[in-house]
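Enquirer: Hey, dropping target-v9.txt in here, compact mmCIF, N, CA and C atoms:
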```txt
# COMPACT_ATOMS: atom_id res chain seq x y z
N ILE A 658 -59.40 -44.90 -34.30
CA ILE A 658 -58.15 -44.46 -34.92
C ILE A 658 -58.34 -43.02 -35.39
N ASP A 659 -57.41 -42.16 -35.03
CA ASP A 659 -57.43 -40.76 -35.46
C ASP A 659 -56.64 -40.64 -36.76
N ILE A 660 -57.33 -40.38 -37.86
CA ILE A 660 -56.69 -40.28 -39.17
C ILE A 660 -56.59 -38.81 -39.54
N ARG A 661 -55.37 -38.36 -39.86
CA ARG A 661 -55.11 -36.95 -40.19
C ARG A 661 -54.19 -36.83 -41.39
N LEU A 662 -54.29 -35.71 -42.08
CA LEU A 662 -53.39 -35.37 -43.17
C LEU A 662 -52.35 -34.39 -42.65
N LYS A 663 -51.10 -34.59 -43.07
CA LYS A 663 -50.02 -33.67 -42.71
C LYS A 663 -49.39 -33.17 -44.00
N TRP A 664 -49.32 -31.86 -44.12
CA TRP A 664 -48.77 -31.24 -45.32
C TRP A 664 -47.33 -31.66 -45.52
N PRO A 665 -46.90 -31.93 -46.73
CA PRO A 665 -47.72 -31.85 -47.94
C PRO A 665 -48.32 -33.18 -48.37
N ASN A 666 -47.86 -34.30 -47.78
CA ASN A 666 -48.17 -35.56 -48.47
C ASN A 666 -48.33 -36.78 -47.59
N ASP A 667 -48.55 -36.62 -46.31
CA ASP A 667 -48.60 -37.79 -45.43
C ASP A 667 -50.00 -38.05 -44.88
N VAL A 668 -50.32 -39.33 -44.72
CA VAL A 668 -51.53 -39.75 -44.00
C VAL A 668 -51.05 -40.35 -42.69
N LEU A 669 -51.55 -39.81 -41.58
CA LEU A 669 -51.16 -40.26 -40.25
C LEU A 669 -52.33 -40.96 -39.58
N CYS A 670 -52.05 -42.07 -38.94
CA CYS A 670 -53.04 -42.78 -38.13
C CYS A 670 -52.50 -42.82 -36.71
N ASP A 671 -53.22 -42.18 -35.80
CA ASP A 671 -52.76 -42.04 -34.42
C ASP A 671 -51.33 -41.50 -34.37
N GLY A 672 -51.03 -40.55 -35.25
CA GLY A 672 -49.73 -39.89 -35.28
C GLY A 672 -48.63 -40.63 -36.02
N ALA A 673 -48.90 -41.82 -36.54
CA ALA A 673 -47.89 -42.60 -37.26
C ALA A 673 -48.18 -42.55 -38.76
N LYS A 674 -47.13 -42.40 -39.57
CA LYS A 674 -47.29 -42.33 -41.02
C LYS A 674 -47.65 -43.71 -41.57
N VAL A 675 -48.77 -43.77 -42.27
CA VAL A 675 -49.21 -45.03 -42.89
C VAL A 675 -49.18 -44.92 -44.41
N SER A 676 -49.10 -43.70 -44.93
CA SER A 676 -49.14 -43.52 -46.37
C SER A 676 -48.53 -42.18 -46.73
N GLY A 677 -48.03 -42.08 -47.96
CA GLY A 677 -47.48 -40.83 -48.44
C GLY A 677 -47.64 -40.71 -49.94
N ILE A 678 -47.60 -39.48 -50.40
CA ILE A 678 -47.76 -39.19 -51.83
C ILE A 678 -46.61 -38.30 -52.25
N LEU A 679 -46.03 -38.60 -53.40
CA LEU A 679 -45.03 -37.72 -54.01
C LEU A 679 -45.56 -37.28 -55.36
N ILE A 680 -45.44 -36.00 -55.64
CA ILE A 680 -45.91 -35.47 -56.91
C ILE A 680 -44.76 -34.74 -57.57
N GLU A 681 -44.50 -35.08 -58.81
CA GLU A 681 -43.49 -34.39 -59.61
C GLU A 681 -44.19 -33.81 -60.83
N GLN A 682 -43.79 -32.61 -61.20
CA GLN A 682 -44.41 -31.95 -62.33
C GLN A 682 -43.34 -31.46 -63.29
N ARG A 683 -43.56 -31.70 -64.57
CA ARG A 683 -42.66 -31.20 -65.60
C ARG A 683 -43.28 -29.95 -66.19
N THR A 684 -42.46 -28.91 -66.29
CA THR A 684 -42.93 -27.63 -66.81
C THR A 684 -42.17 -27.29 -68.08
N MET A 685 -42.91 -26.88 -69.08
CA MET A 685 -42.31 -26.40 -70.33
C MET A 685 -42.97 -25.07 -70.69
N ARG A 686 -42.13 -24.09 -71.01
CA ARG A 686 -42.61 -22.76 -71.38
C ARG A 686 -43.51 -22.17 -70.30
N GLY A 687 -43.14 -22.41 -69.05
CA GLY A 687 -43.89 -21.84 -67.94
C GLY A 687 -45.21 -22.52 -67.62
N ARG A 688 -45.47 -23.65 -68.27
CA ARG A 688 -46.73 -24.37 -68.05
C ARG A 688 -46.45 -25.81 -67.67
N ALA A 689 -47.22 -26.32 -66.73
CA ALA A 689 -47.10 -27.74 -66.38
C ALA A 689 -47.67 -28.55 -67.52
N ASP A 690 -46.86 -29.48 -68.04
CA ASP A 690 -47.37 -30.30 -69.14
C ASP A 690 -47.43 -31.78 -68.78
N ALA A 691 -46.91 -32.15 -67.61
CA ALA A 691 -47.01 -33.55 -67.17
C ALA A 691 -46.88 -33.59 -65.65
N THR A 692 -47.68 -34.43 -65.05
CA THR A 692 -47.64 -34.62 -63.60
C THR A 692 -47.59 -36.11 -63.31
N ILE A 693 -46.68 -36.50 -62.44
CA ILE A 693 -46.56 -37.90 -62.02
C ILE A 693 -46.88 -37.96 -60.53
N ILE A 694 -47.79 -38.85 -60.17
CA ILE A 694 -48.19 -39.02 -58.78
C ILE A 694 -47.76 -40.41 -58.32
N GLY A 695 -46.97 -40.45 -57.26
CA GLY A 695 -46.56 -41.73 -56.67
C GLY A 695 -47.15 -41.85 -55.28
N CYS A 696 -47.77 -42.98 -55.00
CA CYS A 696 -48.41 -43.21 -53.70
C CYS A 696 -47.81 -44.45 -53.05
N GLY A 697 -47.53 -44.35 -51.78
CA GLY A 697 -47.07 -45.50 -51.02
C GLY A 697 -48.01 -45.74 -49.86
N ILE A 698 -48.44 -46.97 -49.70
CA ILE A 698 -49.32 -47.34 -48.59
C ILE A 698 -48.68 -48.51 -47.87
N ASN A 699 -48.48 -48.38 -46.57
CA ASN A 699 -47.93 -49.47 -45.77
C ASN A 699 -49.06 -50.46 -45.49
N CYS A 700 -49.22 -51.45 -46.36
CA CYS A 700 -50.31 -52.42 -46.20
C CYS A 700 -50.00 -53.45 -45.12
N ALA A 701 -49.04 -54.32 -45.37
CA ALA A 701 -48.76 -55.44 -44.46
C ALA A 701 -47.72 -55.09 -43.40
N SER A 702 -46.81 -54.17 -43.72
CA SER A 702 -45.75 -53.81 -42.78
C SER A 702 -45.38 -52.35 -42.98
N ALA A 703 -44.60 -51.82 -42.05
CA ALA A 703 -44.16 -50.43 -42.13
C ALA A 703 -42.66 -50.38 -41.88
N PRO A 704 -41.97 -49.46 -42.56
CA PRO A 704 -40.53 -49.34 -42.31
C PRO A 704 -40.26 -48.79 -40.92
N ASP A 705 -39.13 -49.14 -40.37
CA ASP A 705 -38.69 -48.61 -39.08
C ASP A 705 -37.81 -47.40 -39.39
N LEU A 706 -38.34 -46.20 -39.18
CA LEU A 706 -37.62 -44.98 -39.52
C LEU A 706 -37.19 -44.25 -38.26
N ALA A 707 -36.00 -43.71 -38.29
CA ALA A 707 -35.47 -43.01 -37.12
C ALA A 707 -36.14 -41.66 -36.89
N ASP A 708 -36.64 -41.03 -37.97
CA ASP A 708 -37.14 -39.66 -37.84
C ASP A 708 -38.66 -39.53 -37.71
N ARG A 709 -39.39 -40.66 -37.67
CA ARG A 709 -40.85 -40.56 -37.50
C ARG A 709 -41.45 -41.91 -37.15
N LYS A 710 -42.63 -41.85 -36.53
CA LYS A 710 -43.38 -43.07 -36.23
C LYS A 710 -44.06 -43.54 -37.51
N THR A 711 -44.13 -44.85 -37.70
CA THR A 711 -44.81 -45.42 -38.86
C THR A 711 -45.76 -46.52 -38.40
N ALA A 712 -46.72 -46.83 -39.26
CA ALA A 712 -47.67 -47.90 -38.98
C ALA A 712 -48.08 -48.53 -40.31
N SER A 713 -48.65 -49.71 -40.23
CA SER A 713 -49.19 -50.37 -41.42
C SER A 713 -50.68 -50.55 -41.24
N LEU A 714 -51.37 -50.79 -42.35
CA LEU A 714 -52.79 -51.10 -42.25
C LEU A 714 -53.01 -52.32 -41.37
N ALA A 715 -52.13 -53.33 -41.52
CA ALA A 715 -52.26 -54.55 -40.71
C ALA A 715 -52.17 -54.24 -39.22
N SER A 716 -51.23 -53.37 -38.84
CA SER A 716 -51.07 -53.05 -37.42
C SER A 716 -52.26 -52.28 -36.87
N LEU A 717 -53.05 -51.69 -37.77
CA LEU A 717 -54.23 -50.93 -37.36
C LEU A 717 -55.51 -51.77 -37.44
N GLY A 718 -55.36 -53.03 -37.86
CA GLY A 718 -56.52 -53.90 -37.98
C GLY A 718 -57.36 -53.65 -39.21
N ALA A 719 -56.80 -52.96 -40.20
CA ALA A 719 -57.52 -52.65 -41.44
C ALA A 719 -57.22 -53.71 -42.49
N PRO A 720 -58.07 -53.83 -43.51
CA PRO A 720 -57.79 -54.77 -44.61
C PRO A 720 -56.46 -54.43 -45.27
N THR A 721 -55.73 -55.46 -45.69
CA THR A 721 -54.37 -55.24 -46.21
C THR A 721 -54.16 -55.70 -47.65
N ASP A 722 -55.20 -56.16 -48.32
CA ASP A 722 -55.02 -56.64 -49.69
C ASP A 722 -54.62 -55.47 -50.59
N PRO A 723 -53.46 -55.53 -51.25
CA PRO A 723 -53.01 -54.43 -52.09
C PRO A 723 -53.99 -54.09 -53.22
N ASN A 724 -54.65 -55.09 -53.77
CA ASN A 724 -55.62 -54.82 -54.84
C ASN A 724 -56.79 -54.00 -54.33
N ASP A 725 -57.27 -54.31 -53.13
CA ASP A 725 -58.35 -53.53 -52.53
C ASP A 725 -57.88 -52.10 -52.22
N ALA A 726 -56.66 -51.98 -51.72
CA ALA A 726 -56.11 -50.65 -51.42
C ALA A 726 -55.99 -49.83 -52.70
N PHE A 727 -55.51 -50.46 -53.78
CA PHE A 727 -55.37 -49.74 -55.04
C PHE A 727 -56.74 -49.33 -55.59
N ALA A 728 -57.73 -50.20 -55.49
CA ALA A 728 -59.07 -49.87 -55.98
C ALA A 728 -59.65 -48.69 -55.21
N ALA A 729 -59.47 -48.68 -53.89
CA ALA A 729 -59.96 -47.56 -53.07
C ALA A 729 -59.22 -46.27 -53.42
N LEU A 730 -57.91 -46.37 -53.61
CA LEU A 730 -57.12 -45.21 -53.99
C LEU A 730 -57.56 -44.68 -55.35
N ASP A 731 -57.80 -45.57 -56.30
CA ASP A 731 -58.26 -45.17 -57.63
C ASP A 731 -59.58 -44.40 -57.55
N ARG A 732 -60.53 -44.93 -56.78
CA ARG A 732 -61.83 -44.25 -56.62
C ARG A 732 -61.65 -42.86 -56.01
N ALA A 733 -60.82 -42.78 -54.97
CA ALA A 733 -60.61 -41.50 -54.29
C ALA A 733 -59.92 -40.50 -55.21
N LEU A 734 -58.90 -40.94 -55.93
CA LEU A 734 -58.21 -40.03 -56.86
C LEU A 734 -59.15 -39.50 -57.93
N ARG A 735 -59.95 -40.37 -58.50
CA ARG A 735 -60.90 -39.93 -59.53
C ARG A 735 -61.88 -38.90 -58.96
N HIS A 736 -62.37 -39.17 -57.75
CA HIS A 736 -63.31 -38.24 -57.12
C HIS A 736 -62.67 -36.87 -56.91
N TRP A 737 -61.48 -36.84 -56.25
CA TRP A 737 -60.87 -35.56 -55.90
C TRP A 737 -60.28 -34.84 -57.11
N LEU A 738 -59.77 -35.57 -58.09
CA LEU A 738 -59.31 -34.91 -59.32
C LEU A 738 -60.49 -34.30 -60.07
N GLY A 739 -61.65 -34.96 -60.01
CA GLY A 739 -62.86 -34.39 -60.60
C GLY A 739 -63.25 -33.09 -59.92
N ARG A 740 -63.20 -33.08 -58.59
CA ARG A 740 -63.52 -31.85 -57.86
C ARG A 740 -62.53 -30.74 -58.20
N TRP A 741 -61.24 -31.12 -58.31
CA TRP A 741 -60.20 -30.14 -58.66
C TRP A 741 -60.48 -29.57 -60.06
N SER A 742 -60.82 -30.43 -61.01
CA SER A 742 -61.10 -29.98 -62.38
C SER A 742 -62.28 -29.02 -62.42
N GLU A 743 -63.29 -29.28 -61.59
CA GLU A 743 -64.49 -28.45 -61.59
C GLU A 743 -64.29 -27.12 -60.86
N ALA A 744 -63.60 -27.14 -59.74
CA ALA A 744 -63.56 -25.96 -58.88
C ALA A 744 -62.16 -25.50 -58.50
N GLY A 745 -61.13 -26.12 -59.06
CA GLY A 745 -59.77 -25.76 -58.69
C GLY A 745 -59.45 -26.18 -57.26
N PHE A 746 -58.37 -25.66 -56.74
CA PHE A 746 -57.94 -26.06 -55.40
C PHE A 746 -58.99 -25.72 -54.35
N ALA A 747 -59.73 -24.64 -54.56
CA ALA A 747 -60.77 -24.26 -53.60
C ALA A 747 -61.78 -25.39 -53.40
N GLY A 748 -61.97 -26.22 -54.42
CA GLY A 748 -62.92 -27.32 -54.34
C GLY A 748 -62.49 -28.45 -53.42
N ILE A 749 -61.21 -28.48 -53.07
CA ILE A 749 -60.75 -29.55 -52.18
C ILE A 749 -60.09 -29.03 -50.90
N ARG A 750 -59.76 -27.75 -50.87
CA ARG A 750 -59.03 -27.18 -49.72
C ARG A 750 -59.77 -27.39 -48.40
N ASP A 751 -61.04 -27.05 -48.36
CA ASP A 751 -61.79 -27.17 -47.10
C ASP A 751 -61.88 -28.61 -46.63
N ALA A 752 -62.07 -29.54 -47.57
CA ALA A 752 -62.13 -30.96 -47.19
C ALA A 752 -60.78 -31.43 -46.67
N TRP A 753 -59.70 -30.98 -47.30
CA TRP A 753 -58.35 -31.35 -46.84
C TRP A 753 -58.14 -30.83 -45.42
N LEU A 754 -58.49 -29.57 -45.20
CA LEU A 754 -58.29 -28.97 -43.87
C LEU A 754 -59.14 -29.65 -42.81
N ALA A 755 -60.32 -30.13 -43.19
CA ALA A 755 -61.19 -30.82 -42.22
C ALA A 755 -60.56 -32.11 -41.71
N HIS A 756 -59.62 -32.67 -42.47
CA HIS A 756 -58.96 -33.92 -42.08
C HIS A 756 -57.49 -33.71 -41.72
N ALA A 757 -57.07 -32.46 -41.67
CA ALA A 757 -55.66 -32.15 -41.40
C ALA A 757 -55.36 -32.22 -39.90
N ILE A 758 -54.07 -32.20 -39.60
CA ILE A 758 -53.66 -32.08 -38.21
C ILE A 758 -54.28 -30.80 -37.65
N PRO A 759 -54.53 -30.72 -36.37
CA PRO A 759 -55.21 -29.55 -35.80
C PRO A 759 -54.36 -28.28 -35.93
N PRO A 760 -55.03 -27.14 -36.10
CA PRO A 760 -54.29 -25.87 -36.10
C PRO A 760 -53.48 -25.74 -34.81
N GLY A 761 -52.29 -25.19 -34.95
CA GLY A 761 -51.40 -25.02 -33.81
C GLY A 761 -50.46 -26.19 -33.58
N THR A 762 -50.72 -27.33 -34.24
CA THR A 762 -49.81 -28.47 -34.09
C THR A 762 -48.39 -28.02 -34.43
N ARG A 763 -47.45 -28.35 -33.57
CA ARG A 763 -46.06 -27.92 -33.76
C ARG A 763 -45.39 -28.76 -34.84
N LEU A 764 -44.74 -28.06 -35.75
CA LEU A 764 -44.06 -28.68 -36.88
C LEU A 764 -42.61 -28.23 -36.94
N THR A 765 -41.76 -29.11 -37.42
CA THR A 765 -40.40 -28.74 -37.79
C THR A 765 -40.35 -28.71 -39.30
N VAL A 766 -39.96 -27.58 -39.86
CA VAL A 766 -39.90 -27.39 -41.31
C VAL A 766 -38.44 -27.35 -41.71
N ARG A 767 -38.06 -28.23 -42.64
CA ARG A 767 -36.68 -28.26 -43.14
C ARG A 767 -36.69 -27.82 -44.60
N LEU A 768 -36.01 -26.72 -44.85
CA LEU A 768 -35.86 -26.20 -46.20
C LEU A 768 -34.42 -26.44 -46.64
N ALA A 769 -34.11 -26.11 -47.88
CA ALA A 769 -32.77 -26.36 -48.40
C ALA A 769 -31.70 -25.65 -47.58
N ASP A 770 -32.01 -24.43 -47.10
CA ASP A 770 -30.98 -23.63 -46.43
C ASP A 770 -31.26 -23.33 -44.96
N GLU A 771 -32.35 -23.85 -44.41
CA GLU A 771 -32.66 -23.59 -43.00
C GLU A 771 -33.73 -24.53 -42.49
N SER A 772 -33.86 -24.56 -41.18
CA SER A 772 -34.93 -25.30 -40.51
C SER A 772 -35.54 -24.38 -39.46
N PHE A 773 -36.83 -24.56 -39.21
CA PHE A 773 -37.48 -23.80 -38.15
C PHE A 773 -38.67 -24.58 -37.62
N THR A 774 -39.11 -24.19 -36.43
CA THR A 774 -40.28 -24.81 -35.81
C THR A 774 -41.39 -23.77 -35.78
N ALA A 775 -42.61 -24.22 -36.08
CA ALA A 775 -43.75 -23.32 -36.13
C ALA A 775 -45.02 -24.11 -35.90
N GLY A 776 -46.12 -23.41 -35.77
CA GLY A 776 -47.42 -24.06 -35.63
C GLY A 776 -48.11 -24.15 -36.98
N PHE A 777 -48.85 -25.24 -37.19
CA PHE A 777 -49.65 -25.39 -38.41
C PHE A 777 -50.79 -24.39 -38.36
N ASP A 778 -50.91 -23.59 -39.43
CA ASP A 778 -51.95 -22.55 -39.46
C ASP A 778 -52.78 -22.62 -40.74
N GLY A 779 -52.78 -23.78 -41.39
CA GLY A 779 -53.64 -23.97 -42.55
C GLY A 779 -52.89 -23.96 -43.87
N LEU A 780 -53.66 -23.77 -44.94
CA LEU A 780 -53.14 -23.71 -46.30
C LEU A 780 -53.61 -22.43 -46.95
N ASP A 781 -52.77 -21.83 -47.78
CA ASP A 781 -53.23 -20.67 -48.52
C ASP A 781 -53.98 -21.12 -49.77
N ASP A 782 -54.36 -20.18 -50.62
CA ASP A 782 -55.17 -20.50 -51.80
C ASP A 782 -54.44 -21.32 -52.84
N THR A 783 -53.11 -21.41 -52.74
CA THR A 783 -52.34 -22.21 -53.70
C THR A 783 -51.98 -23.58 -53.14
N GLY A 784 -52.29 -23.82 -51.87
CA GLY A 784 -51.93 -25.08 -51.23
C GLY A 784 -50.66 -25.01 -50.42
N ALA A 785 -50.03 -23.83 -50.38
CA ALA A 785 -48.82 -23.67 -49.57
C ALA A 785 -49.17 -23.77 -48.09
N LEU A 786 -48.27 -24.36 -47.32
CA LEU A 786 -48.41 -24.45 -45.87
C LEU A 786 -48.29 -23.05 -45.27
N ILE A 787 -49.19 -22.73 -44.36
CA ILE A 787 -49.07 -21.51 -43.58
C ILE A 787 -48.52 -21.91 -42.22
N ALA A 788 -47.30 -21.47 -41.95
CA ALA A 788 -46.63 -21.78 -40.68
C ALA A 788 -46.68 -20.54 -39.80
N ARG A 789 -47.16 -20.71 -38.57
CA ARG A 789 -47.23 -19.59 -37.62
C ARG A 789 -45.99 -19.64 -36.74
N LEU A 790 -45.11 -18.65 -36.92
CA LEU A 790 -43.87 -18.59 -36.16
C LEU A 790 -44.16 -18.18 -34.71
N ASP A 791 -43.21 -18.43 -33.83
CA ASP A 791 -43.38 -18.08 -32.42
C ASP A 791 -43.59 -16.58 -32.24
N SER A 792 -43.09 -15.77 -33.16
CA SER A 792 -43.27 -14.32 -33.10
C SER A 792 -44.69 -13.91 -33.46
N GLY A 793 -45.46 -14.85 -33.99
CA GLY A 793 -46.82 -14.55 -34.45
C GLY A 793 -46.89 -14.32 -35.95
N ALA A 794 -45.73 -14.11 -36.57
CA ALA A 794 -45.71 -13.91 -38.02
C ALA A 794 -46.07 -15.20 -38.74
N ARG A 795 -46.64 -15.05 -39.92
CA ARG A 795 -46.98 -16.21 -40.74
C ARG A 795 -45.95 -16.35 -41.85
N ARG A 796 -45.60 -17.58 -42.14
CA ARG A 796 -44.63 -17.86 -43.20
C ARG A 796 -45.21 -18.91 -44.12
N LEU A 797 -45.15 -18.66 -45.43
CA LEU A 797 -45.65 -19.61 -46.41
C LEU A 797 -44.53 -20.55 -46.83
N VAL A 798 -44.85 -21.83 -46.92
CA VAL A 798 -43.89 -22.84 -47.35
C VAL A 798 -44.52 -23.59 -48.51
N SER A 799 -43.87 -23.51 -49.68
CA SER A 799 -44.42 -24.21 -50.85
C SER A 799 -43.64 -25.47 -51.18
N ALA A 800 -42.47 -25.64 -50.58
CA ALA A 800 -41.68 -26.87 -50.78
C ALA A 800 -40.77 -27.05 -49.58
N GLY A 801 -40.64 -28.28 -49.14
CA GLY A 801 -39.77 -28.57 -48.02
C GLY A 801 -40.20 -29.85 -47.34
N ASP A 802 -39.44 -30.26 -46.34
CA ASP A 802 -39.79 -31.43 -45.54
C ASP A 802 -40.39 -30.95 -44.24
N VAL A 803 -41.52 -31.53 -43.87
CA VAL A 803 -42.23 -31.10 -42.67
C VAL A 803 -42.45 -32.31 -41.78
N PHE A 804 -42.11 -32.17 -40.51
CA PHE A 804 -42.26 -33.24 -39.53
C PHE A 804 -43.04 -32.72 -38.34
N LEU A 805 -43.76 -33.60 -37.67
CA LEU A 805 -44.35 -33.22 -36.39
C LEU A 805 -43.20 -32.95 -35.44
N ALA A 806 -43.22 -31.82 -34.75
CA ALA A 806 -42.14 -31.49 -33.82
C ALA A 806 -42.07 -32.58 -32.76
N GLY A 807 -40.87 -33.02 -32.47
CA GLY A 807 -40.68 -34.09 -31.50
C GLY A 807 -40.54 -35.45 -32.15
N ASP A 808 -40.90 -35.59 -33.42
CA ASP A 808 -40.71 -36.87 -34.13
C ASP A 808 -39.26 -37.03 -34.53
```
Now, as a test, write the supplied structure out as structure tokens.
Expert:
Amino acid sequence: IDIRLKWPNDVLCDGAKVSGILIEQRTMRGRADATIIGCGINCASAPDLADRKTASLASLGAPTDPNDAFAALDRALRHWLGRWSEAGFAGIRDAWLAHAIPPGTRLTVRLADESFTAGFDGLDDTGALIARLDSGARRLVSAGDVFLAGD
């Protein structure tokens, strides 16, 4: 099974979404003072979505007990949040990229006022998506919906 990360928040198994993360942050006086992380894992089944392929852990032959999945998620979050606390985003960026979709993978990016197609070209130092346009120019995306082109 080919497991990859797709910016900003999806885990793909053989190109199908099996998990996603949503992060909301509350800011007061220009500073983040609260962060809420929501994680969804398709354990026993996966939704049938028109705009993307999906899969479940069960369909991949992986263990599906929600308690086991939560325990593994808890361990991973503690590990990576610890790395983030020690070294900032730089402490996790390279590991994230090592498991990301390959550079050049075609993406459709949907923003509030436009959509465009570009190649995945990595993450900048803040975690923004670097999209390589067909012209060769690079465009940073810090918020938006991103899909594999053709999904």
Enquirer: Enclose the full set of atoms of region 711-725 of chain A listed in the file within a box whose edges lie along x, y and z, apply 3 Å of padding to each of the six sides, and report centre and edge lengths in Å to one decimal as lines of an AutoDock Vina configuration file.
Expert:
```
center_x = -51.2
center_y = -50.7
center_z = -45.9
size_x = 20.2
size_y = 17.8
size_z = 24.0
```
Enquirer: Go ahead and compute the interatomic distance for atom N of Phe746 (chain A) and atom C of Thr684 (chain A), in Å to one decimal.
Expert: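 Value for the atom N of Phe746 (chain A)-atom C of Thr684 (chain A) distance: 19.8 Å.
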Enquirer: Could you work out how far CA of Val798 (chain A) lies from atom C of His756 (chain A), giving the answer in Å with one decimal?
Expert: 18.3 Å
Enquirer: Could you write out, as a PyMOL selection string, all the residues of region 682-799 of chain A that DSSP marks as strand (DSSP E)?
Expert: chain A and resi 682-685+688-698+763-767+772-780+786-789+795-798
Enquirer: Which of these, A:Val675, A:Leu706, A:Val803, A:Ile749, has the shortest distance to Ala775 (chain A) once you count only C-alpha atoms?
Expert: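 Result for the nearest residue to Ala775 (chain A): A:Val803.
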Enquirer: Counting only C-alpha atoms, which of A:Ala715, A:Leu730, A:Leu786, A:Ala806 gets nearest to Pro665 (chain A)?
Expert: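 Using only C-alpha atoms, Pro665 (chain A) sits closest to A:Leu786.
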Enquirer: Using only C-alpha atoms, which protein or nucleic acid residues come within 9 Å of Ile693 (chain A)? Drop anything in the same chain fewer than 2 positions from it, and give the result as a short mmCIF file (atom, residue, chain, number, x, y, z; two decimals) with N, CA and C atoms, in the frame of the given file.
Expert:
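Everything below was put into part_21.cif:
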```cif
data_model
loop_
_atom_site.label_atom_id
_atom_site.label_comp_id
_atom_site.auth_asym_id
_atom_site.auth_seq_id
_atom_site.Cartn_x
_atom_site.Cartn_y
_atom_site.Cartn_z
N LEU A 679 -46.03 -38.60 -53.40
CA LEU A 679 -45.03 -37.72 -54.01
C LEU A 679 -45.56 -37.28 -55.36
N ILE A 680 -45.44 -36.00 -55.64
CA ILE A 680 -45.91 -35.47 -56.91
C ILE A 680 -44.76 -34.74 -57.57
N GLU A 681 -44.50 -35.08 -58.81
CA GLU A 681 -43.49 -34.39 -59.61
C GLU A 681 -44.19 -33.81 -60.83
N GLN A 682 -43.79 -32.61 -61.20
CA GLN A 682 -44.41 -31.95 -62.33
C GLN A 682 -43.34 -31.46 -63.29
N ARG A 683 -43.56 -31.70 -64.57
CA ARG A 683 -42.66 -31.20 -65.60
C ARG A 683 -43.28 -29.95 -66.19
N ALA A 691 -46.91 -32.15 -67.61
CA ALA A 691 -47.01 -33.55 -67.17
C ALA A 691 -46.88 -33.59 -65.65
N GLY A 695 -46.97 -40.45 -57.26
CA GLY A 695 -46.56 -41.73 -56.67
C GLY A 695 -47.15 -41.85 -55.28
#
```
Enquirer: Interatomic distance between CA of Asp770 (chain A) and CA of Arg796 (chain A)?
Expert: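 Interatomic distance, CA of Asp770 (chain A) to CA of Arg796 (chain A): 15.2 Å.
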Enquirer: Show which residues sit within 8 Å of Gly677 (chain A), as a PyMOL selection string. Count only C-alpha atoms, and ignore same-chain residues fewer than 3 positions away.
Expert: chain A and resi 666-668+674+696-698
Enquirer: Pick from A:Ala701, A:Ala733, A:Leu717, A:Ala800: nearest to Arg767 (chain A), with all atoms listed in the file counted?
Expert: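 The closest residue to Arg767 (chain A) is A:Ala800.
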Enquirer: For Leu754 (chain A), which of A:Gly779, A:Gly718, A:Ala769, A:Trp741 is the closest residue, counting all atoms listed in the file?
Expert: A:Gly779
Enquirer: Is it possible to get the residues within 7 Å of (-45.5, -33.2, -37.1) (coordinates as in the file, counting all atoms listed in the file) written as a PyMOL selection string?
Expert: chain A and resi 762-765+803-808
Enquirer: Please, which residues of region 712-758 of chain A, numbered as in this document, come out helix (DSSP H, G or I) from DSSP, as a PyMOL selection string?
Expert: chain A and resi 715-717+723-744+747-755
Enquirer: Let me make sure I understand: among A:Ala712, A:Ala707, A:Leu780, A:Leu734, which one has the smallest atom-to-atom distance to Arg750 (chain A) if we use only N, CA and C atoms?
Expert: A:Leu780
Enquirer: For Ile658 (chain A), find every residue with an atom within 7 Å (counting only N, CA and C atoms), except residues of its own chain fewer than 2 positions away, and show them as a list in words.
Expert: Ile660, Cys670 and Asp671 of chain A
